[in-house]
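S.K.: Quick one: this structure, given as structure tokens, is what I'll be asking you about.
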Amino acid sequence: MSQPLRVGMVGYAFMGAAHSQAWRTVNHVYDLPVPVRMQVVAGRSAAAVAAAADRLGWAGHTDDWRTLLTRGDVDLIDICAPGDAHAEIAIAALAAGKHVLCEKPLANSVAEAREMVAAASAAHDSGVRAMCGFNYRRVPAVALMRRMVTEGRLGTIRHVRASYLQDWLVDPSYPLVWRLRREVAGSGALGDLGAHIIDLTQFVTDLSISAVCALTETFVKSRPLPSSPPGTGEVTVDDAVLFLARLGDGVVASYEATRFATGRKNGLRVEINGSLGALVFDFERMNELSFHSTEAPADEQGFTRVLVTEPTHPYMSAWWPPGHLIGYEHTFTHQAYDLVQAIAAGSDPAPSFADALQVQLVLDAVSRSAETSSWITVERSSA
Ligand code: SOE
């Protein structure tokens, strides 16, 4: 058997648990070119990371991520830590010759993202690979949506309408967690949720956002501190963001991301309207796509449901017989599968750090547009 790919992961909260599930599962679901080993998990608290290693299935643990850099038995570093740690860990890992998987958004600023792209490009010739974790690309229905759009099934694209709606911040007594502090998270709903729909719409249409006009709002401006001493602290990120955009040449688009949409738990929706038809994806019905074709007979016009569980649908042949549904966690397994395949083949995994830098440039343009109440042109990265 070929040499295993030995993974070291940094962080073990929600995303760390989701990635661990993927690393635990991927060997058993897909016929991988190299087996994956869950070598070591890193976190700040020795006791907590030891418990996490046990719970999540990691062979070892450490309270210092820097030890991963010099370990000969770690080939890939998977970064599931908050955004303020991404650049430092990724750049050090790439310089140490380790492949990197980094959670989205790539960084907290364009400057950091550029440095990460430079580090990935410097390591590339030695066979080191870097990928950003935009897991929703790996929903089979989303991958099918891209296939249908790029095959021209919708004709000329005119409209893109995207929203990502959650409601976990509605209660003003919800504490000031790291996701609400700019110095740790970079931004709020914008980077956390908006980054996903920016990436998804660019991925599905194969077009880039070229200009934006945005507004943001922070509804609850201070919140209780999560740990002692008791008190309150300022929320320094956006709770909600809305923006208009131009996509490619002549497509008009709208985006909304919020953590205050009561009743919406993880409502990620993308609708695309073209000259020959339309497609709708709604994450809360993630095994389906709604498809409308203007070429259908007059008495069959309107949206019909495509159940995306056939073995011919992206990623699905490894799972269950048609009609047996999959869930959120499978998207991370698909992501791990794609990355392992690319590393073993020596090809470039997507989304690359350069793709993620382009998302970062949109996030930055949206922030500046909201600050200045004006349209901002999005820079095209030359990376
Ligand atoms: C929190 O809002 C969060 O966990 C995001 O950070 C993830 O990227 C998203 O998939 C679910 O919601």
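Note on naming: chains are A, B, ... as they come in the structure tokens, residues start from 1 per chain, ligands start from 1 in the order shown.
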Taking the DSSP assignment computed from this structure's backbone, write out as a ChimeraX atom specification all residues of region 93-269 of chain A that belong to helix (DSSP H, G or I).
M.R.: /A:93-95,110-124,135-138,140-150,178-180,182-185,189-205
S.K.: Can I get the selected residues back with C-alpha atoms, as a short mmCIF file (atom, residue, chain, number, x, y, z; two decimals), in the first residue's frame?
M.R.:
```cif
data_model
loop_
_atom_site.label_atom_id
_atom_site.label_comp_id
_atom_site.auth_asym_id
_atom_site.auth_seq_id
_atom_site.Cartn_x
_atom_site.Cartn_y
_atom_site.Cartn_z
CA ALA A 93 3.10 24.98 7.48
CA LEU A 94 3.76 25.62 3.78
CA ALA A 95 7.32 26.75 4.54
CA VAL A 110 -6.54 40.93 1.86
CA ALA A 111 -2.93 41.56 2.94
CA GLU A 112 -2.84 38.27 4.89
CA ALA A 113 -4.54 36.41 2.05
CA ARG A 114 -1.93 37.69 -0.41
CA GLU A 115 0.89 36.47 1.86
CA MET A 116 -0.80 33.06 2.05
CA VAL A 117 -1.08 32.89 -1.74
CA ALA A 118 2.62 33.79 -2.04
CA ALA A 119 3.54 31.06 0.48
CA ALA A 120 1.43 28.49 -1.41
CA SER A 121 2.99 29.45 -4.70
CA ALA A 122 6.55 29.25 -3.25
CA ALA A 123 5.86 25.72 -1.94
CA HIS A 124 4.04 24.51 -5.05
CA ASN A 135 -17.46 22.92 1.88
CA TYR A 136 -20.77 23.90 0.23
CA ARG A 137 -19.13 23.46 -3.18
CA ARG A 138 -19.21 19.77 -2.32
CA PRO A 140 -23.85 17.15 -4.82
CA ALA A 141 -26.78 19.41 -5.80
CA VAL A 142 -24.45 22.43 -5.95
CA ALA A 143 -21.91 20.54 -8.05
CA LEU A 144 -24.77 19.46 -10.34
CA MET A 145 -25.97 23.06 -10.51
CA ARG A 146 -22.52 24.13 -11.70
CA ARG A 147 -22.47 21.33 -14.25
CA MET A 148 -25.84 22.36 -15.66
CA VAL A 149 -24.99 26.08 -15.72
CA THR A 150 -21.60 25.59 -17.37
CA TRP A 178 -14.98 35.21 19.19
CA ARG A 179 -17.12 35.36 16.06
CA LEU A 180 -18.34 38.80 17.25
CA ARG A 182 -13.27 41.89 14.60
CA GLU A 183 -9.69 41.29 15.79
CA VAL A 184 -10.36 37.53 15.89
CA ALA A 185 -12.97 36.91 13.19
CA ALA A 189 -22.01 37.70 8.93
CA LEU A 190 -20.01 39.01 5.97
CA GLY A 191 -16.94 36.77 6.30
CA ASP A 192 -18.66 33.89 8.06
CA LEU A 193 -21.72 33.49 5.81
CA GLY A 194 -21.26 35.97 2.98
CA ALA A 195 -17.96 34.31 2.02
CA HIS A 196 -19.84 31.06 1.35
CA ILE A 197 -22.39 32.60 -1.03
CA ILE A 198 -19.73 34.69 -2.78
CA ASP A 199 -17.70 31.54 -3.40
CA LEU A 200 -20.73 29.43 -4.33
CA THR A 201 -22.12 31.85 -6.89
CA GLN A 202 -18.72 32.42 -8.50
CA PHE A 203 -18.17 28.63 -8.54
CA VAL A 204 -21.55 27.73 -9.98
CA THR A 205 -21.51 30.39 -12.71
#
```
S.K.: Write down as JSON, numbers by chain the residues belonging to region 161-378 of chain A that are assigned strand (DSSP E) by DSSP computed on the backbone.
M.R.: {"A": [161, 162, 163, 164, 165, 209, 210, 211, 212, 213, 214, 215, 216, 217, 222, 223, 224, 232, 233, 234, 240, 241, 242, 243, 244, 245, 246, 247, 251, 252, 253, 254, 255, 256, 257, 258, 267, 268, 269, 270, 271, 272, 273, 274, 277, 278, 279, 280, 281, 282, 288, 289, 290, 291, 292, 293, 304, 305, 306, 307, 376, 377]}
S.K.: For Gly233 (chain A), work out the shell of residues within 8 Å, counting only C-alpha atoms and skipping chain neighbours fewer than 3 positions away, then give it as a compact mmCIF listing (two decimals) with N, CA and C atoms, in the first residue's frame.
M.R.:
```txt
# COMPACT_ATOMS: atom_id res chain seq x y z
N LEU A 176 -20.60 37.48 23.99
CA LEU A 176 -19.68 38.07 23.00
C LEU A 176 -18.60 37.02 22.65
N SER A 222 -23.67 45.71 22.10
CA SER A 222 -22.80 45.16 23.15
C SER A 222 -23.47 43.92 23.73
N ARG A 223 -22.63 43.02 24.24
CA ARG A 223 -23.13 41.73 24.72
C ARG A 223 -22.35 41.32 25.95
N PRO A 224 -22.94 40.40 26.76
CA PRO A 224 -22.23 39.93 27.96
C PRO A 224 -20.93 39.23 27.58
N LEU A 225 -19.88 39.44 28.37
CA LEU A 225 -18.62 38.73 28.14
C LEU A 225 -18.82 37.25 28.42
```
S.K.: Find the residue from A:Thr70, A:Gln301, A:Ser126, A:Asn266 that sits nearest to Glu284 (chain A); use only C-alpha atoms when measuring.
M.R.: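 Comparing A:Thr70, A:Gln301, A:Ser126, A:Asn266 against Glu284 (chain A), the winner is A:Asn266.
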S.K.: Just want the 12 Å neighbourhood of Gly72 (chain A), counted on only C-alpha atoms, with same-chain residues fewer than 3 positions away dropped. Output as a list of chain:residue names.
M.R.: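 My list of contacting residues is A:Leu5, A:Arg6, A:Val7, A:Gly8, A:Gln39, A:Thr67, A:Leu68, A:Leu69, A:Asp75, A:Leu76, A:Ala96, A:Gly97, A:Lys98.
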S.K.: Closest to Ala107 (chain A) among A:Val170, A:Ala356, A:Ala370, A:Ala261, using only C-alpha atoms?
M.R.: A:Ala356
S.K.: I'd like the contact shell of Ile209 (chain A) - 9 Å cut-off, only C-alpha atoms, skipping same-chain residues fewer than 3 positions apart - returned as a PyMOL selection string.
M.R.: chain A and resi 198+201-202+212+245-248+253+358-359+362+377-378
S.K.: Need the shell around region 24-27 of chain A: protein/DNA/RNA residues with any atom at most 8 Å away, counting only C-alpha atoms. Skip same-chain ones fewer than 4 positions apart. Format as a PDB file with C-alpha atoms, in the first residue's frame?
M.R.:
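Below is the file out05.pdb, written as the result:
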```pdb
ATOM      1  CA  SER A  20     -12.593  15.066  11.979  1.00  0.00           C
ATOM      2  CA  ASP A  31     -11.305   4.121  -2.736  1.00  0.00           C
ATOM      3  CA  LEU A  32      -8.450   6.529  -2.017  1.00  0.00           C
ATOM      4  CA  PRO A  35      -4.891   5.985   3.048  1.00  0.00           C
ATOM      5  CA  VAL A  36      -5.497   8.840   5.492  1.00  0.00           C
ATOM      6  CA  MET A  38      -5.579  11.025  11.820  1.00  0.00           C
ATOM      7  CA  GLY A  57     -10.582   9.894  16.897  1.00  0.00           C
ATOM      8  CA  THR A 333     -16.042  14.043   3.428  1.00  0.00           C
ATOM      9  CA  HIS A 334     -16.268  15.052  -0.245  1.00  0.00           C
ATOM     10  CA  ALA A 336     -11.337  15.540   2.061  1.00  0.00           C
ATOM     11  CA  TYR A 337     -11.743  13.136  -0.870  1.00  0.00           C
TER      12      TYR A 337
END
```
